[in-house]
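Engineer: Sharing coords-v2.cif here; it has mmCIF, C-alpha atoms (C1' of nucleotides).
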data_my_file
#
loop_
_atom_site.label_atom_id
_atom_site.label_comp_id
_atom_site.auth_asym_id
_atom_site.auth_seq_id
_atom_site.Cartn_x
_atom_site.Cartn_y
_atom_site.Cartn_z
CA MET A 1 -1.38 -1.57 9.51
CA PRO A 2 -0.97 -1.04 7.88
CA ALA A 3 1.79 -0.68 8.03
CA ARG A 4 -0.17 -3.33 7.32
CA SER A 5 2.42 -5.76 6.75
CA ARG A 6 5.09 -6.88 9.13
CA LYS A 7 4.36 -10.04 10.96
CA ASP A 8 5.97 -12.77 12.89
CA PRO A 9 9.26 -13.07 11.06
CA GLU A 10 10.78 -16.48 11.40
CA ALA A 11 9.00 -16.93 14.67
CA PRO A 12 7.63 -20.46 14.39
CA THR A 13 10.97 -21.39 12.93
CA LEU A 14 13.23 -20.77 15.86
CA SER A 15 13.55 -24.36 16.94
CA PRO A 16 15.77 -25.21 19.89
CA LEU A 17 18.31 -26.33 17.34
CA ALA A 18 18.38 -22.98 15.59
CA ARG A 19 18.56 -21.23 18.88
CA ALA A 20 21.58 -23.28 19.86
CA ILE A 21 23.40 -23.27 16.53
CA GLY A 22 22.65 -20.04 14.66
CA LYS A 23 24.34 -17.03 16.11
CA ARG A 24 20.81 -15.80 16.58
CA GLN A 25 22.17 -12.69 18.28
CA PRO A 26 20.29 -10.81 20.97
CA PHE A 27 17.63 -10.59 18.36
CA ASP A 28 14.58 -11.30 20.36
CA SER A 29 15.32 -8.36 22.58
CA PRO A 30 12.48 -6.65 24.40
CA ALA A 31 12.55 -3.75 21.94
CA VAL A 32 12.08 -6.04 18.95
CA GLU A 33 9.39 -7.99 20.69
CA ALA A 34 7.49 -4.81 21.50
CA PHE A 35 7.89 -3.57 17.96
CA LEU A 36 6.49 -6.75 16.49
CA SER A 37 3.74 -6.84 19.06
CA VAL A 38 2.51 -3.37 18.10
CA MET A 39 2.70 -4.25 14.41
CA ARG A 40 0.79 -7.48 14.77
CA THR A 41 -1.90 -5.82 16.85
CA ALA A 42 -2.25 -2.94 14.41
CA SER A 43 -2.84 -5.21 11.46
CA TRP A 44 -5.08 -7.44 13.53
CA LEU A 45 -7.20 -4.44 14.41
CA SER A 46 -7.20 -2.73 11.06
CA ALA A 47 -8.00 -5.67 8.81
CA PRO A 48 -11.67 -6.02 9.84
CA VAL A 49 -12.12 -2.26 9.82
CA GLU A 50 -10.84 -2.02 6.28
CA ARG A 51 -13.15 -4.81 5.22
CA LEU A 52 -16.05 -2.90 6.70
CA LEU A 53 -15.05 0.30 4.93
CA LYS A 54 -14.51 -1.49 1.64
CA GLY A 55 -18.14 -2.55 1.84
CA HIS A 56 -18.94 1.13 1.33
CA ASP A 57 -16.28 1.59 -1.34
CA LEU A 58 -13.97 3.42 1.02
CA SER A 59 -10.36 2.82 1.91
CA ALA A 60 -8.84 3.70 5.25
CA ALA A 61 -7.34 6.79 3.66
CA THR A 62 -10.50 8.10 2.01
CA TYR A 63 -12.44 7.39 5.18
CA ASN A 64 -10.00 9.47 7.17
CA VAL A 65 -10.36 12.36 4.78
CA LEU A 66 -14.11 12.22 5.22
CA ARG A 67 -13.74 12.12 8.98
CA ILE A 68 -11.50 15.14 8.94
CA LEU A 69 -13.95 17.03 6.76
CA ARG A 70 -16.90 16.10 8.93
CA GLY A 71 -14.94 17.40 11.87
CA ALA A 72 -14.35 20.64 10.03
CA ARG A 73 -18.02 20.99 9.10
CA MET A 74 -19.17 20.29 12.63
CA SER A 75 -16.73 22.91 13.82
CA GLY A 76 -18.51 25.44 11.68
CA LEU A 77 -15.92 25.74 8.93
CA GLU A 78 -18.27 26.46 6.04
CA HIS A 79 -15.70 26.15 3.28
CA GLY A 80 -14.12 23.00 4.62
CA ARG A 81 -10.39 22.56 4.66
CA ALA A 82 -7.48 23.18 2.33
CA CYS A 83 -5.60 20.19 0.94
CA HIS A 84 -2.45 20.80 2.89
CA GLU A 85 -4.46 20.96 6.10
CA ILE A 86 -5.93 17.56 5.33
CA GLY A 87 -2.46 16.29 4.66
CA GLU A 88 -1.34 17.51 8.05
CA HIS A 89 -4.12 15.84 9.98
CA MET A 90 -3.41 12.57 8.29
CA VAL A 91 0.29 12.07 7.88
CA ALA A 92 -0.32 11.53 4.19
CA GLN A 93 1.62 13.59 1.71
CA VAL A 94 -0.03 16.31 -0.26
CA PRO A 95 0.04 14.60 -3.66
CA ASP A 96 -1.93 11.74 -2.17
CA VAL A 97 -4.54 14.12 -0.81
CA THR A 98 -5.25 15.40 -4.30
CA ARG A 99 -5.99 11.94 -5.57
CA LEU A 100 -8.01 10.95 -2.53
CA VAL A 101 -10.12 14.05 -3.02
CA ASP A 102 -10.40 13.16 -6.70
CA ARG A 103 -12.02 9.84 -5.87
CA LEU A 104 -14.26 11.33 -3.21
CA THR A 105 -15.37 14.07 -5.57
CA LEU A 106 -16.13 11.51 -8.22
CA ALA A 107 -18.29 9.68 -5.69
CA GLY A 108 -20.08 12.91 -4.80
CA LEU A 109 -19.01 12.75 -1.18
CA VAL A 110 -16.94 15.91 -1.32
CA GLU A 111 -16.80 19.22 -3.17
CA ARG A 112 -13.94 21.45 -4.27
CA THR A 113 -14.09 25.24 -4.16
CA ARG A 114 -11.31 27.65 -5.04
CA CYS A 115 -10.42 30.19 -2.42
CA GLU A 116 -11.00 33.71 -3.70
CA LYS A 117 -8.55 35.44 -1.43
CA ASP A 118 -5.67 33.11 -2.26
CA ARG A 119 -6.27 31.42 -5.53
CA ARG A 120 -3.62 28.81 -4.83
CA VAL A 121 -5.59 26.99 -2.18
CA VAL A 122 -8.48 24.68 -2.88
CA TYR A 123 -11.02 24.14 -0.16
CA VAL A 124 -12.55 20.72 0.19
CA ARG A 125 -15.94 20.42 1.82
CA ILE A 126 -17.93 17.30 2.71
CA THR A 127 -21.33 17.07 1.03
CA ASP A 128 -24.59 15.96 2.57
CA ALA A 129 -24.15 12.62 0.85
CA GLY A 130 -20.77 12.33 2.50
CA MET A 131 -22.26 13.10 5.89
CA GLN A 132 -24.96 10.49 5.33
CA LEU A 133 -22.42 7.88 4.37
CA LEU A 134 -20.38 8.54 7.49
CA ALA A 135 -23.51 8.42 9.61
CA LEU A 136 -24.28 5.07 8.06
CA ILE A 137 -20.87 3.74 9.01
CA ASP A 138 -20.69 5.18 12.50
CA HIS A 139 -22.68 2.52 14.27
CA PRO A 140 -21.30 -0.66 12.70
CA LEU A 141 -17.79 0.68 13.12
CA MET A 142 -18.45 1.43 16.74
CA GLU A 143 -19.76 -2.08 17.22
CA LEU A 144 -16.72 -3.52 15.54
CA HIS A 145 -14.43 -1.59 17.82
CA THR A 146 -16.23 -2.79 20.90
CA ALA A 147 -16.16 -6.32 19.56
CA GLN A 148 -12.41 -6.01 19.18
CA LEU A 149 -11.63 -4.16 22.38
CA GLY A 150 -14.67 -4.48 24.57
CA HIS A 151 -13.31 -7.42 26.51
CA LEU A 152 -10.66 -5.21 28.10
CA LYS A 153 -11.37 -3.53 31.38
CA HIS A 154 -11.45 0.23 31.33
CA ALA A 155 -8.30 0.40 33.40
CA GLU A 156 -6.46 -1.82 30.95
CA ILE A 157 -7.40 0.40 28.04
CA THR A 158 -6.18 3.57 29.67
CA GLN A 159 -3.03 1.78 30.70
CA LEU A 160 -2.47 0.61 27.14
CA CYS A 161 -3.02 4.08 25.73
CA ASP A 162 -0.67 5.57 28.28
CA LEU A 163 2.06 3.10 27.42
CA LEU A 164 1.67 3.68 23.70
CA GLU A 165 1.77 7.40 24.19
CA ARG A 166 4.90 6.94 26.23
CA VAL A 167 6.43 5.04 23.33
CA ARG A 168 5.83 7.94 20.98
CA VAL A 169 7.64 10.35 23.22
CA ALA A 170 11.02 9.32 21.89
CA GLU A 171 12.75 11.37 19.24
CA PRO A 172 11.71 10.45 15.70
CA LEU A 173 15.40 9.96 14.94
CA ASP A 174 16.97 9.86 11.48
CA MET B 1 2.67 1.22 8.41
CA PRO B 2 1.04 -1.20 7.67
CA ALA B 3 -2.14 -0.43 7.64
CA ARG B 4 0.04 2.45 7.62
CA SER B 5 -2.56 4.96 7.21
CA ARG B 6 -5.06 5.80 9.88
CA LYS B 7 -4.22 8.76 11.98
CA ASP B 8 -5.74 11.30 14.18
CA PRO B 9 -9.02 11.83 12.43
CA GLU B 10 -10.52 15.22 13.13
CA ALA B 11 -8.70 15.36 16.40
CA PRO B 12 -7.32 18.88 16.42
CA THR B 13 -10.69 19.92 15.12
CA LEU B 14 -12.84 19.07 18.07
CA SER B 15 -13.10 22.54 19.49
CA PRO B 16 -15.23 23.12 22.58
CA LEU B 17 -17.83 24.48 20.22
CA ALA B 18 -17.97 21.33 18.13
CA ARG B 19 -18.07 19.26 21.25
CA ALA B 20 -21.05 21.24 22.49
CA ILE B 21 -22.95 21.58 19.23
CA GLY B 22 -22.26 18.57 17.02
CA LYS B 23 -23.97 15.43 18.15
CA ARG B 24 -20.44 14.08 18.45
CA GLN B 25 -21.85 10.85 19.87
CA PRO B 26 -19.96 8.68 22.34
CA PHE B 27 -17.35 8.67 19.66
CA ASP B 28 -14.26 9.16 21.64
CA SER B 29 -15.01 6.03 23.56
CA PRO B 30 -12.15 4.13 25.16
CA ALA B 31 -12.27 1.50 22.43
CA VAL B 32 -11.86 4.06 19.65
CA GLU B 33 -9.13 5.82 21.54
CA ALA B 34 -7.22 2.59 22.00
CA PHE B 35 -7.69 1.69 18.36
CA LEU B 36 -6.31 5.02 17.18
CA SER B 37 -3.52 4.83 19.70
CA VAL B 38 -2.32 1.49 18.38
CA MET B 39 -2.56 2.71 14.79
CA ARG B 40 -0.64 5.89 15.43
CA THR B 41 2.07 4.05 17.27
CA ALA B 42 2.38 1.42 14.58
CA SER B 43 2.92 3.96 11.84
CA TRP B 44 5.20 5.99 14.07
CA LEU B 45 7.33 2.92 14.63
CA SER B 46 7.27 1.54 11.11
CA ALA B 47 8.03 4.70 9.16
CA PRO B 48 11.73 4.95 10.15
CA VAL B 49 12.17 1.22 9.76
CA GLU B 50 10.83 1.32 6.23
CA ARG B 51 13.11 4.22 5.41
CA LEU B 52 16.05 2.17 6.64
CA LEU B 53 15.02 -0.83 4.59
CA LYS B 54 14.41 1.25 1.50
CA GLY B 55 18.03 2.32 1.73
CA HIS B 56 18.84 -1.30 0.87
CA ASP B 57 16.13 -1.50 -1.79
CA LEU B 58 13.88 -3.57 0.40
CA SER B 59 10.28 -3.07 1.39
CA ALA B 60 8.82 -4.27 4.65
CA ALA B 61 7.30 -7.21 2.81
CA THR B 62 10.45 -8.33 1.00
CA TYR B 63 12.44 -7.92 4.19
CA ASN B 64 10.04 -10.20 6.01
CA VAL B 65 10.37 -12.84 3.34
CA LEU B 66 14.12 -12.72 3.74
CA ARG B 67 13.83 -12.97 7.51
CA ILE B 68 11.59 -16.00 7.20
CA LEU B 69 14.01 -17.66 4.81
CA ARG B 70 16.99 -16.91 7.00
CA GLY B 71 15.10 -18.50 9.85
CA ALA B 72 14.51 -21.56 7.72
CA ARG B 73 18.14 -21.78 6.69
CA MET B 74 19.36 -21.41 10.24
CA SER B 75 16.97 -24.15 11.24
CA GLY B 76 18.74 -26.46 8.83
CA LEU B 77 16.09 -26.52 6.12
CA GLU B 78 18.39 -26.93 3.12
CA HIS B 79 15.79 -26.39 0.44
CA GLY B 80 14.21 -23.40 2.11
CA ARG B 81 10.47 -23.00 2.26
CA ALA B 82 7.53 -23.42 -0.09
CA CYS B 83 5.62 -20.33 -1.16
CA HIS B 84 2.50 -21.14 0.79
CA GLU B 85 4.56 -21.60 3.94
CA ILE B 86 5.98 -18.14 3.48
CA GLY B 87 2.49 -16.83 2.96
CA GLU B 88 1.44 -18.37 6.26
CA HIS B 89 4.24 -16.86 8.29
CA MET B 90 3.46 -13.46 6.94
CA VAL B 91 -0.26 -12.89 6.67
CA ALA B 92 0.28 -11.90 3.07
CA GLN B 93 -1.73 -13.71 0.47
CA VAL B 94 -0.12 -16.25 -1.77
CA PRO B 95 -0.27 -14.28 -5.03
CA ASP B 96 1.80 -11.61 -3.38
CA VAL B 97 4.45 -14.11 -2.33
CA THR B 98 5.12 -15.00 -5.94
CA ARG B 99 5.87 -11.42 -6.87
CA LEU B 100 7.89 -10.74 -3.75
CA VAL B 101 10.01 -13.77 -4.57
CA ASP B 102 10.25 -12.52 -8.15
CA ARG B 103 11.88 -9.30 -7.02
CA LEU B 104 14.14 -11.02 -4.55
CA THR B 105 15.23 -13.52 -7.19
CA LEU B 106 15.95 -10.69 -9.59
CA ALA B 107 18.13 -9.10 -6.94
CA GLY B 108 19.95 -12.40 -6.39
CA LEU B 109 18.94 -12.60 -2.76
CA VAL B 110 16.88 -15.73 -3.17
CA GLU B 111 16.72 -18.86 -5.32
CA ARG B 112 13.86 -20.98 -6.58
CA THR B 113 14.04 -24.75 -6.87
CA ARG B 114 11.27 -27.09 -7.95
CA CYS B 115 10.41 -29.89 -5.57
CA GLU B 116 10.99 -33.28 -7.19
CA LYS B 117 8.55 -35.23 -5.08
CA ASP B 118 5.66 -32.85 -5.64
CA ARG B 119 6.22 -30.84 -8.75
CA ARG B 120 3.58 -28.33 -7.76
CA VAL B 121 5.55 -26.78 -4.96
CA VAL B 122 8.43 -24.39 -5.46
CA TYR B 123 11.01 -24.09 -2.74
CA VAL B 124 12.53 -20.71 -2.06
CA ARG B 125 15.94 -20.53 -0.46
CA ILE B 126 17.93 -17.52 0.68
CA THR B 127 21.31 -17.10 -1.02
CA ASP B 128 24.60 -16.12 0.57
CA ALA B 129 24.11 -12.64 -0.83
CA GLY B 130 20.76 -12.53 0.91
CA MET B 131 22.32 -13.63 4.18
CA GLN B 132 24.97 -10.95 3.84
CA LEU B 133 22.41 -8.27 3.17
CA LEU B 134 20.43 -9.25 6.24
CA ALA B 135 23.59 -9.31 8.32
CA LEU B 136 24.32 -5.83 7.08
CA ILE B 137 20.93 -4.62 8.21
CA ASP B 138 20.82 -6.39 11.56
CA HIS B 139 22.83 -3.91 13.53
CA PRO B 140 21.40 -0.60 12.31
CA LEU B 141 17.91 -1.99 12.64
CA MET B 142 18.63 -3.10 16.17
CA GLU B 143 19.93 0.36 16.98
CA LEU B 144 16.85 1.94 15.49
CA HIS B 145 14.61 -0.21 17.61
CA THR B 146 16.46 0.68 20.78
CA ALA B 147 16.35 4.33 19.80
CA GLN B 148 12.61 4.03 19.44
CA LEU B 149 11.88 1.87 22.46
CA GLY B 150 14.97 1.98 24.62
CA HIS B 151 13.65 4.71 26.87
CA LEU B 152 11.02 2.35 28.26
CA LYS B 153 11.78 0.37 31.35
CA HIS B 154 11.88 -3.37 30.93
CA ALA B 155 8.76 -3.75 33.05
CA GLU B 156 6.88 -1.30 30.85
CA ILE B 157 7.77 -3.22 27.74
CA THR B 158 6.59 -6.53 29.06
CA GLN B 159 3.45 -4.86 30.32
CA LEU B 160 2.84 -3.36 26.90
CA CYS B 161 3.34 -6.67 25.15
CA ASP B 162 1.04 -8.40 27.59
CA LEU B 163 -1.70 -5.86 27.03
CA LEU B 164 -1.38 -6.06 23.25
CA GLU B 165 -1.47 -9.82 23.40
CA ARG B 166 -4.57 -9.57 25.53
CA VAL B 167 -6.16 -7.40 22.86
CA ARG B 168 -5.59 -10.03 20.24
CA VAL B 169 -7.38 -12.67 22.26
CA ALA B 170 -10.79 -11.50 21.10
CA GLU B 171 -12.56 -13.28 18.28
CA PRO B 172 -11.51 -12.05 14.84
CA LEU B 173 -15.22 -11.48 14.13
CA ASP B 174 -16.73 -10.92 10.69
"C1'" DA C 1 7.74 47.53 -11.33
"C1'" DA C 2 9.89 43.23 -11.93
"C1'" DC C 3 11.98 39.51 -10.57
"C1'" DC C 4 12.92 35.80 -7.38
"C1'" DA C 5 11.76 32.77 -3.68
"C1'" DA C 6 8.28 30.29 -1.34
"C1'" DC C 7 3.97 28.03 -1.50
"C1'" DT C 8 -0.39 25.27 -3.14
"C1'" DA C 9 -2.05 21.98 -5.76
"C1'" DT C 10 -1.76 18.99 -9.63
"C1'" DT C 11 0.24 15.55 -12.86
"C1'" DG C 12 3.54 11.77 -14.15
"C1'" DT C 13 5.99 7.71 -13.12
"C1'" DT C 14 7.25 3.87 -10.76
"C1'" DT C 15 6.41 0.49 -7.41
"C1'" DC C 16 3.64 -2.20 -4.81
"C1'" DC C 17 -0.61 -4.60 -3.04
"C1'" DA C 18 -5.34 -6.91 -3.51
"C1'" DC C 19 -8.35 -9.81 -5.78
"C1'" DA C 20 -9.87 -12.88 -9.57
"C1'" DA C 21 -8.93 -16.01 -13.07
"C1'" DC C 22 -5.90 -19.42 -14.85
"C1'" DT C 23 -2.27 -23.37 -15.55
"C1'" DG C 24 -0.24 -27.33 -14.08
"C1'" DA C 25 0.14 -31.21 -10.70
"C1'" DT C 26 -1.61 -34.53 -7.29
"C1'" DC C 27 -4.92 -37.41 -5.09
"C1'" DG C 28 -9.02 -40.20 -4.47
"C1'" DG C 29 -13.37 -42.54 -5.89
"C1'" DG C 30 -15.95 -44.89 -9.33
"C1'" DC D 1 -7.89 -46.11 -15.48
"C1'" DC D 2 -9.90 -41.79 -15.55
"C1'" DC D 3 -12.43 -38.06 -14.14
"C1'" DG D 4 -13.36 -34.58 -10.91
"C1'" DA D 5 -11.82 -32.19 -6.79
"C1'" DT D 6 -8.26 -30.04 -4.61
"C1'" DC D 7 -4.01 -27.87 -4.23
"C1'" DA D 8 0.40 -24.89 -5.52
"C1'" DG D 9 1.92 -21.34 -7.96
"C1'" DT D 10 1.57 -17.97 -11.58
"C1'" DT D 11 -0.49 -14.26 -14.36
"C1'" DG D 12 -3.61 -10.27 -15.26
"C1'" DT D 13 -5.85 -6.22 -13.96
"C1'" DG D 14 -7.17 -2.45 -11.29
"C1'" DG D 15 -6.33 0.56 -7.43
"C1'" DA D 16 -3.42 2.96 -4.26
"C1'" DA D 17 1.14 4.90 -2.29
"C1'" DA D 18 5.81 7.17 -2.70
"C1'" DC D 19 8.47 10.50 -4.89
"C1'" DA D 20 9.89 13.80 -8.40
"C1'" DA D 21 8.67 17.31 -11.39
"C1'" DT D 22 5.51 20.84 -12.98
"C1'" DA D 23 2.02 24.85 -13.29
"C1'" DG D 24 -0.04 28.56 -11.26
"C1'" DT D 25 -0.08 32.25 -7.24
"C1'" DT D 26 1.55 35.08 -3.93
"C1'" DG D 27 4.64 38.16 -1.47
"C1'" DG D 28 8.74 40.40 -0.62
"C1'" DT D 29 13.01 42.76 -2.33
"C1'" DT D 30 15.65 45.41 -4.93
#
Please render this file's structure as structure tokens.
Structural biologist:
Amino acid sequence: MPARSRKDPEAPTLSPLARAIGKRQPFDSPAVEAFLSVMRTASWLSAPVERLLKGHDLSAATYNVLRILRGARMSGLEHGRACHEIGEHMVAQVPDVTRLVDRLTLAGLVERTRCEKDRRVVYVRITDAGMQLLALIDHPLMELHTAQLGHLKHAEITQLCDLLERVRVAEPLD
Amino acid sequence: MPARSRKDPEAPTLSPLARAIGKRQPFDSPAVEAFLSVMRTASWLSAPVERLLKGHDLSAATYNVLRILRGARMSGLEHGRACHEIGEHMVAQVPDVTRLVDRLTLAGLVERTRCEKDRRVVYVRITDAGMQLLALIDHPLMELHTAQLGHLKHAEITQLCDLLERVRVAEPLD
DNA sequence: AACCAACTATTGTTTCCACAACTGATCGGG
DNA sequence: CCCGATCAGTTGTGGAAACAATAGTTGGTT
């Protein structure tokens, strides 16, 4: 996660001594523990996925763009999607979308077409090669996900998703 | 987020039509849903935190290094920690640690000292300025965490942590 | 009709991360 | 003793993200 990056700060270090001496605050509060737990799990889950994608010369970001465009194509959107739409579906910023599309275009997985009605927008459409690449990835990725999460009972998974969704209810703040 | 990057692929796109027409596979399986749920939550949680840290010219990675070194100092380790130890506590790779320490040294938050017994290792120690900076961040960060997670009941939080821990039990695979 | 504001996408710049190759130091076997 | 293997840290390079600034388009207002 992503956010790949925060892990286990000073955890193995909090010896009984430190716990007694250092002010050590209420710093292992439930909130912090939950935060770290989500972060650790996210990076634990995403690392193997990114390795898999990298085997097909894709990053998580470019893969997501392709997924979005496949969704658009399967929904019958002939011309694909505009850049800012892609940027909305991911939470990526628009400048990044341009460069992601650059790489995908270079790889022949995606095509750009200017909109005639509004010449500002550029439609991006997944090519057949892009569809084939995604199809190639679908199965191994699915297997990876089941390898990572298949040992959980169905009830546990829904419970987990419910709790995570409940986390995201709070105001974004700041 | 770490991994900060996978979100909501083609989700708003799966119209009833697409669901009926496209082969659409068993692709919204529980495993995939849980995976995406964790990812979304991780980036939702980490984004405000990284904004807060950036206000003090820190990234998530540099902040973690500081946290690890504060932990070491509060545990009574006078000389701090060796680079490879830091790299173990984070899951960052060792080459990255060098550059992270470079920036922190430049900012005066950290000091390098060569080990006399084994002249290969370089100890990294947090300075007083580094301790002060962390102390400055502690409270706002704590408040942010409670703003993000405080609306959950204590039981829900422990349940969430338990479930996430249970996820990470599976074999790393690949 | 012309200008101004809002919008879409691109480019530029800086920072940061990932991976490979390299330098210097230590240890162990012949 | 010395030579290779291993280890610790650094450096080099390429790729990707964040953010600001820009170019080109559109639409509304005066």
Engineer: Give one line per residue of chain D that approaches chain A to at most 9 Å, naming the two atoms of the closest pair and their distance in Å to one decimal, counting all atoms listed in the file; sort by chain then ascending residue number and deliver it as a Markdown table.
Structural biologist:
| residue | atom | partner | partner_atom | distance |
| --- | --- | --- | --- | --- |
| D:DA17 | C1' | A:Asp96 | CA | 7.5 |
| D:DA18 | C1' | A:Gln93 | CA | 8.8 |
| D:DG24 | C1' | A:Arg120 | CA | 7.4 |
| D:DT25 | C1' | A:Arg120 | CA | 5.5 |
| D:DT26 | C1' | A:Asp118 | CA | 7.7 |
Engineer: Output the residue selection produced by the PyMOL selection byres ((chain C and resi 14) around 9) on the file above, formatted as a list in words.
Structural biologist: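 Selected by the PyMOL selection byres ((chain C and resi 14) around 9) here: DT13 and DT15 of chain C; DA18 and DC19 of chain D.
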Engineer: Compare C:DC3, C:DG29, C:DC17, C:DG12 by their minimum atom-to-atom distance to chain B, counting all atoms listed in the file, and give me the closest one.
Structural biologist: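 Selected residue with least distance to chain B: C:DC17.
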Engineer: Around (22.9, -10.7, 2.3), as given in the file, which residues come within 12 Å? Count all atoms listed in the file and list them as a list in words.
Structural biologist: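 Residues lying no farther than 12 Å from the given point: His56, Leu58, Tyr63, Leu66, Arg67, Leu69, Arg70, Leu104, Ala107, Gly108, Leu109, Val110, Ile126, Thr127, Asp128, Ala129, Gly130, Met131, Gln132, Leu133, Leu134, Ala135, Leu136, Ile137 and Asp138 of chain B.
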Engineer: Select, from C:DC22, C:DG28, C:DC16, C:DT8, the residue with the minimum atom-to-atom distance to chain B, counting all atoms listed in the file.
Structural biologist: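 Among C:DC22, C:DG28, C:DC16, C:DT8, it is C:DC16 that comes nearest to chain B.
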Engineer: Using all atoms listed in the file, which chain C residues lie at most 10 Å away from chain A, written as JSON, numbers by chain?
Structural biologist: {"C": [7, 8, 9, 10, 11]}
Engineer: Once the PyMOL selection byres ((chain B and resi 158) around 12) has been applied to the shown file, what residues remain in the selection, as a PyMOL selection string?
Structural biologist: (chain A and resi 29-35+37+160+163) or (chain B and resi 149+152-157+159-165)
Engineer: Using C-alpha atoms, can you export the residues from the last selection as a CSV table (one decimal), keeping the file's coordinate frame?
Structural biologist:
chain,number,residue,atom,x,y,z
A,29,SER,CA,15.3,-8.4,22.6
A,30,PRO,CA,12.5,-6.6,24.4
A,31,ALA,CA,12.6,-3.8,21.9
A,32,VAL,CA,12.1,-6.0,19.0
A,33,GLU,CA,9.4,-8.0,20.7
A,34,ALA,CA,7.5,-4.8,21.5
A,35,PHE,CA,7.9,-3.6,18.0
A,37,SER,CA,3.7,-6.8,19.1
A,160,LEU,CA,-2.5,0.6,27.1
A,163,LEU,CA,2.1,3.1,27.4
B,149,LEU,CA,11.9,1.9,22.5
B,152,LEU,CA,11.0,2.4,28.3
B,153,LYS,CA,11.8,0.4,31.4
B,154,HIS,CA,11.9,-3.4,30.9
B,155,ALA,CA,8.8,-3.8,33.0
B,156,GLU,CA,6.9,-1.3,30.8
B,157,ILE,CA,7.8,-3.2,27.7
B,159,GLN,CA,3.4,-4.9,30.3
B,160,LEU,CA,2.8,-3.4,26.9
B,161,CYS,CA,3.3,-6.7,25.2
B,162,ASP,CA,1.0,-8.4,27.6
B,163,LEU,CA,-1.7,-5.9,27.0
B,164,LEU,CA,-1.4,-6.1,23.2
B,165,GLU,CA,-1.5,-9.8,23.4
Engineer: Which of these, B:Leu106, B:Leu53, B:Val101, B:Ala147, has the shortest distance to chain A once you count all atoms listed in the file?
Structural biologist: B:Ala147
Engineer: Hey, can you check how far CA of Gly87 (chain A) sits from CA of Pro48 (chain B)?
Structural biologist: 19.0 Å
Engineer: So the first atom is CA of Val91 (chain B) and the second is CA of Glu116 (chain B); what is the distance between them in Å, to one decimal place?
Structural biologist: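 Calculated distance between CA of Val91 (chain B) and CA of Glu116 (chain B) is 27.1 Å.
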Engineer: Using only C-alpha atoms, find the one residue out of B:Thr113, B:Thr105, B:Ser43, B:Thr62 that sits nearest to chain A.
Structural biologist: B:Ser43
Engineer: Between B:Val169, B:Leu36, B:Cys115, B:Gly71, single out the one closest to chain A, counting only C-alpha atoms.
Structural biologist: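 Checking each of B:Val169, B:Leu36, B:Cys115, B:Gly71 against chain A, counting only C-alpha atoms, the winner is B:Gly71.
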Engineer: Would you translate the PyMOL selection byres ((chain B and resi 79) around 8) into the concrete set of residues it matches in this file, as a ChimeraX atom specification?
Structural biologist: /B:77-78,80-81,113,123-125
Engineer: Pull C-alpha atoms from the residues just selected and write them as a compact mmCIF listing (two decimals), keeping the file's coordinate frame.
Structural biologist:
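Dumped everything to out07.txt:
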# COMPACT_ATOMS: atom_id res chain seq x y z
CA LEU B 77 16.09 -26.52 6.12
CA GLU B 78 18.39 -26.93 3.12
CA GLY B 80 14.21 -23.40 2.11
CA ARG B 81 10.47 -23.00 2.26
CA THR B 113 14.04 -24.75 -6.87
CA TYR B 123 11.01 -24.09 -2.74
CA VAL B 124 12.53 -20.71 -2.06
CA ARG B 125 15.94 -20.53 -0.46
